[in-house]
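**Student:** I have a structure I would like to understand better, so I am pasting it below and will then ask my questions one at a time.
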Amino acid sequence: MVKTIVSIFISLALIVGISAYEIYSVGSTFRTFSEALASLYDKTEAQTATYEDGCAVRTFWKEKKRTLHIWIPHTSIENVDYQLNEALGYLYEQKYDDALPKIEVLIQMSEKIPASYAFSFENIF
């Protein structure tokens with residue numbers, strides 16, 4: 001009886017601990033990504049952004065998405081890749097007006113994705 005109760009508490013502690021780490025890890029990664037995108041957005045709005053600026057953001061994203069695959073579905077990551085690559089294409093062609101909406105979508109996605117996997121009332125029911 002005692003072993004059963006102890007194993008239940010250990011399992012519960014593991015679930016809570018892993019969940020807390022997941023929420024922190026995903027939130028932290030997307031906060032940093034959002035800050036990088038906001039900086040890229042400001043530079044694009046001022047029409048001073050370069051393709052290399054976009055590549056720096058993509059390099060950060062490529063490094064982080066390896067661990068994000070553990071926590072969030074592939075389709076969410078794929079959508080970010082798609083929007084980011086389109087924005088980089090526009091930056092390469094120096095079409096700043098076309099790149100701005102793509103970067104804005106990425107900023108919104110970087111806020112919505114972690115919120116959709118966070119422990120909240122809306123996500124439970």
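By order in the structure tokens, chains are A, B, ...; within a chain, residues start at 1; ligands start at 1, following the order shown.
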With only C-alpha atoms as the counted atoms, please give the residues lying no more than 10 Å from Ser25 in chain A, apart from itself and same-chain residues fewer than 4 positions off, as a list in words.
**Tutor:** Ser19, Ala20, Tyr21, Thr29, Phe30, Arg31, Thr67, Leu68, Trp71 and Pro114 of chain A
**Student:** May I have the selected residues written with all heavy atoms, as an mmCIF file, in the first residue's frame?
**Tutor:**
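Output saved as out01.cif:
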```cif
data_model
loop_
_atom_site.group_PDB
_atom_site.id
_atom_site.type_symbol
_atom_site.label_atom_id
_atom_site.label_comp_id
_atom_site.auth_asym_id
_atom_site.auth_seq_id
_atom_site.Cartn_x
_atom_site.Cartn_y
_atom_site.Cartn_z
ATOM 1 N N SER A 19 6.189 19.017 -17.102
ATOM 2 C CA SER A 19 5.273 20.020 -17.667
ATOM 3 C C SER A 19 5.774 21.437 -17.411
ATOM 4 O O SER A 19 5.719 22.284 -18.302
ATOM 5 C CB SER A 19 3.875 19.856 -17.080
ATOM 6 O OG SER A 19 3.337 18.616 -17.440
ATOM 7 N N ALA A 20 6.262 21.680 -16.217
ATOM 8 C CA ALA A 20 6.780 23.014 -15.896
ATOM 9 C C ALA A 20 8.005 23.325 -16.756
ATOM 10 O O ALA A 20 8.138 24.448 -17.267
ATOM 11 C CB ALA A 20 7.141 23.105 -14.410
ATOM 12 N N TYR A 21 8.881 22.351 -16.933
ATOM 13 C CA TYR A 21 10.057 22.563 -17.780
ATOM 14 C C TYR A 21 9.647 22.832 -19.221
ATOM 15 O O TYR A 21 10.211 23.711 -19.880
ATOM 16 C CB TYR A 21 10.995 21.353 -17.720
ATOM 17 C CG TYR A 21 12.148 21.494 -18.672
ATOM 18 C CD1 TYR A 21 13.208 22.332 -18.375
ATOM 19 C CD2 TYR A 21 12.163 20.821 -19.890
ATOM 20 C CE1 TYR A 21 14.262 22.494 -19.256
ATOM 21 C CE2 TYR A 21 13.208 20.973 -20.777
ATOM 22 C CZ TYR A 21 14.261 21.804 -20.451
ATOM 23 O OH TYR A 21 15.293 21.960 -21.333
ATOM 24 N N THR A 29 12.030 30.158 -25.418
ATOM 25 C CA THR A 29 12.502 30.117 -26.799
ATOM 26 C C THR A 29 11.697 31.065 -27.681
ATOM 27 O O THR A 29 12.262 31.840 -28.467
ATOM 28 C CB THR A 29 12.411 28.683 -27.356
ATOM 29 O OG1 THR A 29 13.246 27.834 -26.567
ATOM 30 C CG2 THR A 29 12.856 28.616 -28.805
ATOM 31 N N PHE A 30 10.387 31.020 -27.553
ATOM 32 C CA PHE A 30 9.555 31.881 -28.389
ATOM 33 C C PHE A 30 9.637 33.354 -27.994
ATOM 34 O O PHE A 30 9.467 34.229 -28.847
ATOM 35 C CB PHE A 30 8.110 31.387 -28.409
ATOM 36 C CG PHE A 30 7.880 30.308 -29.427
ATOM 37 C CD1 PHE A 30 7.841 28.983 -29.062
ATOM 38 C CD2 PHE A 30 7.737 30.622 -30.762
ATOM 39 C CE1 PHE A 30 7.645 27.987 -29.997
ATOM 40 C CE2 PHE A 30 7.538 29.643 -31.718
ATOM 41 C CZ PHE A 30 7.492 28.316 -31.333
ATOM 42 N N ARG A 31 9.907 33.654 -26.718
ATOM 43 C CA ARG A 31 10.111 35.054 -26.330
ATOM 44 C C ARG A 31 11.357 35.621 -27.017
ATOM 45 O O ARG A 31 11.336 36.728 -27.568
ATOM 46 C CB ARG A 31 10.242 35.184 -24.809
ATOM 47 C CG ARG A 31 8.949 35.452 -24.093
ATOM 48 C CD ARG A 31 9.161 35.803 -22.637
ATOM 49 N NE ARG A 31 9.880 34.772 -21.887
ATOM 50 C CZ ARG A 31 9.321 33.672 -21.383
ATOM 51 N NH1 ARG A 31 8.031 33.456 -21.554
ATOM 52 N NH2 ARG A 31 10.028 32.796 -20.713
ATOM 53 N N THR A 67 14.964 21.190 -30.572
ATOM 54 C CA THR A 67 14.402 20.810 -29.273
ATOM 55 C C THR A 67 12.901 21.073 -29.210
ATOM 56 O O THR A 67 12.199 20.414 -28.452
ATOM 57 C CB THR A 67 15.103 21.564 -28.125
ATOM 58 O OG1 THR A 67 15.017 22.964 -28.367
ATOM 59 C CG2 THR A 67 16.562 21.173 -28.026
ATOM 60 N N LEU A 68 12.430 22.017 -30.011
ATOM 61 C CA LEU A 68 10.993 22.292 -30.006
ATOM 62 C C LEU A 68 10.184 21.135 -30.573
ATOM 63 O O LEU A 68 9.010 20.971 -30.232
ATOM 64 C CB LEU A 68 10.691 23.573 -30.786
ATOM 65 C CG LEU A 68 11.122 24.876 -30.123
ATOM 66 C CD1 LEU A 68 10.881 26.041 -31.063
ATOM 67 C CD2 LEU A 68 10.378 25.089 -28.830
ATOM 68 N N TRP A 71 8.371 19.131 -28.018
ATOM 69 C CA TRP A 71 7.244 19.686 -27.271
ATOM 70 C C TRP A 71 6.050 20.094 -28.120
ATOM 71 O O TRP A 71 4.922 20.055 -27.630
ATOM 72 C CB TRP A 71 7.703 20.893 -26.458
ATOM 73 C CG TRP A 71 8.882 20.618 -25.598
ATOM 74 C CD1 TRP A 71 10.121 21.153 -25.731
ATOM 75 C CD2 TRP A 71 8.954 19.728 -24.475
ATOM 76 N NE1 TRP A 71 10.954 20.656 -24.766
ATOM 77 C CE2 TRP A 71 10.266 19.783 -23.979
ATOM 78 C CE3 TRP A 71 8.038 18.891 -23.840
ATOM 79 C CZ2 TRP A 71 10.685 19.044 -22.884
ATOM 80 C CZ3 TRP A 71 8.458 18.151 -22.751
ATOM 81 C CH2 TRP A 71 9.755 18.233 -22.289
ATOM 82 N N PRO A 114 3.169 29.240 -28.121
ATOM 83 C CA PRO A 114 3.373 28.822 -26.730
ATOM 84 C C PRO A 114 2.103 28.909 -25.894
ATOM 85 O O PRO A 114 1.887 28.090 -24.998
ATOM 86 C CB PRO A 114 4.435 29.782 -26.198
ATOM 87 C CG PRO A 114 4.894 30.593 -27.314
ATOM 88 C CD PRO A 114 4.004 30.367 -28.479
#
```
**Student:** Which residues are close to Thr32 in chain A, i.e. within 12 Å by only C-alpha atoms, leaving aside same-chain residues fewer than 3 positions away? Reply as a PyMOL selection string.
**Tutor:** chain A and resi 25-29+35-39+57+60-61+64+107+110-111
**Student:** Output all heavy atoms for every residue in that selection, as a compact mmCIF listing (two decimals), in the first residue's frame.
**Tutor:**
```txt
# COMPACT_ATOMS: atom_id res chain seq x y z
N SER A 25 10.56 26.18 -21.16
CA SER A 25 11.45 26.04 -22.31
C SER A 25 10.82 26.61 -23.58
O SER A 25 11.45 27.40 -24.30
CB SER A 25 11.81 24.57 -22.50
OG SER A 25 12.56 24.39 -23.66
N VAL A 26 9.61 26.22 -23.87
CA VAL A 26 8.92 26.69 -25.08
C VAL A 26 8.68 28.20 -24.98
O VAL A 26 8.93 28.95 -25.93
CB VAL A 26 7.60 25.92 -25.30
CG1 VAL A 26 6.76 26.57 -26.39
CG2 VAL A 26 7.89 24.47 -25.65
N GLY A 27 8.23 28.68 -23.83
CA GLY A 27 7.97 30.10 -23.65
C GLY A 27 9.23 30.93 -23.80
O GLY A 27 9.23 31.98 -24.46
N SER A 28 10.32 30.48 -23.21
CA SER A 28 11.59 31.20 -23.29
C SER A 28 12.11 31.26 -24.72
O SER A 28 12.56 32.32 -25.18
CB SER A 28 12.61 30.52 -22.38
OG SER A 28 13.88 31.07 -22.55
N THR A 29 12.03 30.16 -25.42
CA THR A 29 12.50 30.12 -26.80
C THR A 29 11.70 31.06 -27.68
O THR A 29 12.26 31.84 -28.47
CB THR A 29 12.41 28.68 -27.36
OG1 THR A 29 13.25 27.83 -26.57
CG2 THR A 29 12.86 28.62 -28.81
N GLU A 35 11.52 38.56 -29.91
CA GLU A 35 12.36 39.76 -29.81
C GLU A 35 13.22 39.93 -31.05
O GLU A 35 13.38 41.05 -31.55
CB GLU A 35 13.24 39.68 -28.56
CG GLU A 35 12.46 39.81 -27.27
CD GLU A 35 13.28 39.45 -26.04
OE1 GLU A 35 14.49 39.14 -26.19
OE2 GLU A 35 12.72 39.46 -24.94
N ALA A 36 13.77 38.84 -31.56
CA ALA A 36 14.57 38.90 -32.78
C ALA A 36 13.71 39.32 -33.96
O ALA A 36 14.13 40.12 -34.81
CB ALA A 36 15.24 37.55 -33.05
N LEU A 37 12.49 38.80 -34.02
CA LEU A 37 11.58 39.18 -35.10
C LEU A 37 11.16 40.64 -35.00
O LEU A 37 11.03 41.32 -36.02
CB LEU A 37 10.34 38.27 -35.07
CG LEU A 37 10.55 36.83 -35.51
CD1 LEU A 37 9.32 36.00 -35.18
CD2 LEU A 37 10.86 36.77 -37.00
N ALA A 38 10.95 41.12 -33.79
CA ALA A 38 10.58 42.53 -33.61
C ALA A 38 11.71 43.44 -34.08
O ALA A 38 11.45 44.47 -34.72
CB ALA A 38 10.24 42.81 -32.15
N SER A 39 12.93 43.05 -33.80
CA SER A 39 14.07 43.83 -34.27
C SER A 39 14.15 43.80 -35.79
O SER A 39 14.38 44.84 -36.43
CB SER A 39 15.36 43.26 -33.67
OG SER A 39 16.48 43.90 -34.21
N VAL A 57 18.21 35.49 -38.01
CA VAL A 57 16.99 35.03 -37.32
C VAL A 57 16.72 33.57 -37.68
O VAL A 57 16.37 32.76 -36.83
CB VAL A 57 15.79 35.93 -37.68
CG1 VAL A 57 14.50 35.38 -37.10
CG2 VAL A 57 16.02 37.35 -37.20
N PHE A 60 19.03 31.23 -35.76
CA PHE A 60 18.54 31.04 -34.39
C PHE A 60 17.38 30.04 -34.38
O PHE A 60 17.33 29.14 -33.55
CB PHE A 60 18.09 32.37 -33.79
CG PHE A 60 17.37 32.22 -32.48
CD1 PHE A 60 18.08 32.03 -31.31
CD2 PHE A 60 15.98 32.24 -32.42
CE1 PHE A 60 17.42 31.87 -30.10
CE2 PHE A 60 15.32 32.08 -31.22
CZ PHE A 60 16.04 31.89 -30.06
N TRP A 61 16.44 30.22 -35.31
CA TRP A 61 15.28 29.35 -35.37
C TRP A 61 15.68 27.91 -35.64
O TRP A 61 15.17 26.98 -35.02
CB TRP A 61 14.30 29.86 -36.41
CG TRP A 61 13.14 28.93 -36.62
CD1 TRP A 61 12.87 28.18 -37.71
CD2 TRP A 61 12.11 28.64 -35.67
NE1 TRP A 61 11.73 27.45 -37.52
CE2 TRP A 61 11.25 27.71 -36.27
CE3 TRP A 61 11.84 29.07 -34.38
CZ2 TRP A 61 10.14 27.20 -35.62
CZ3 TRP A 61 10.73 28.56 -33.73
CH2 TRP A 61 9.89 27.64 -34.35
N LYS A 64 17.01 26.24 -32.49
CA LYS A 64 16.01 26.01 -31.45
C LYS A 64 14.93 25.01 -31.84
O LYS A 64 14.36 24.34 -30.99
CB LYS A 64 15.35 27.33 -31.03
CG LYS A 64 16.31 28.29 -30.40
CD LYS A 64 16.94 27.71 -29.16
CE LYS A 64 17.87 28.69 -28.50
NZ LYS A 64 18.44 28.18 -27.27
N ILE A 107 5.57 37.16 -35.79
CA ILE A 107 5.52 37.70 -34.42
C ILE A 107 4.25 37.21 -33.72
O ILE A 107 4.29 36.79 -32.56
CB ILE A 107 5.59 39.24 -34.44
CG1 ILE A 107 6.99 39.68 -34.89
CG2 ILE A 107 5.24 39.83 -33.08
CD1 ILE A 107 7.11 41.17 -35.17
N SER A 110 4.63 33.58 -32.84
CA SER A 110 5.53 33.35 -31.71
C SER A 110 4.84 33.67 -30.38
O SER A 110 5.32 33.25 -29.32
CB SER A 110 6.82 34.16 -31.86
OG SER A 110 6.58 35.53 -31.78
N GLU A 111 3.74 34.37 -30.41
CA GLU A 111 2.95 34.59 -29.20
C GLU A 111 1.88 33.51 -29.03
O GLU A 111 1.60 33.07 -27.92
CB GLU A 111 2.28 35.96 -29.26
CG GLU A 111 3.26 37.12 -29.21
CD GLU A 111 2.61 38.46 -29.47
OE1 GLU A 111 1.36 38.51 -29.58
OE2 GLU A 111 3.34 39.45 -29.56
```
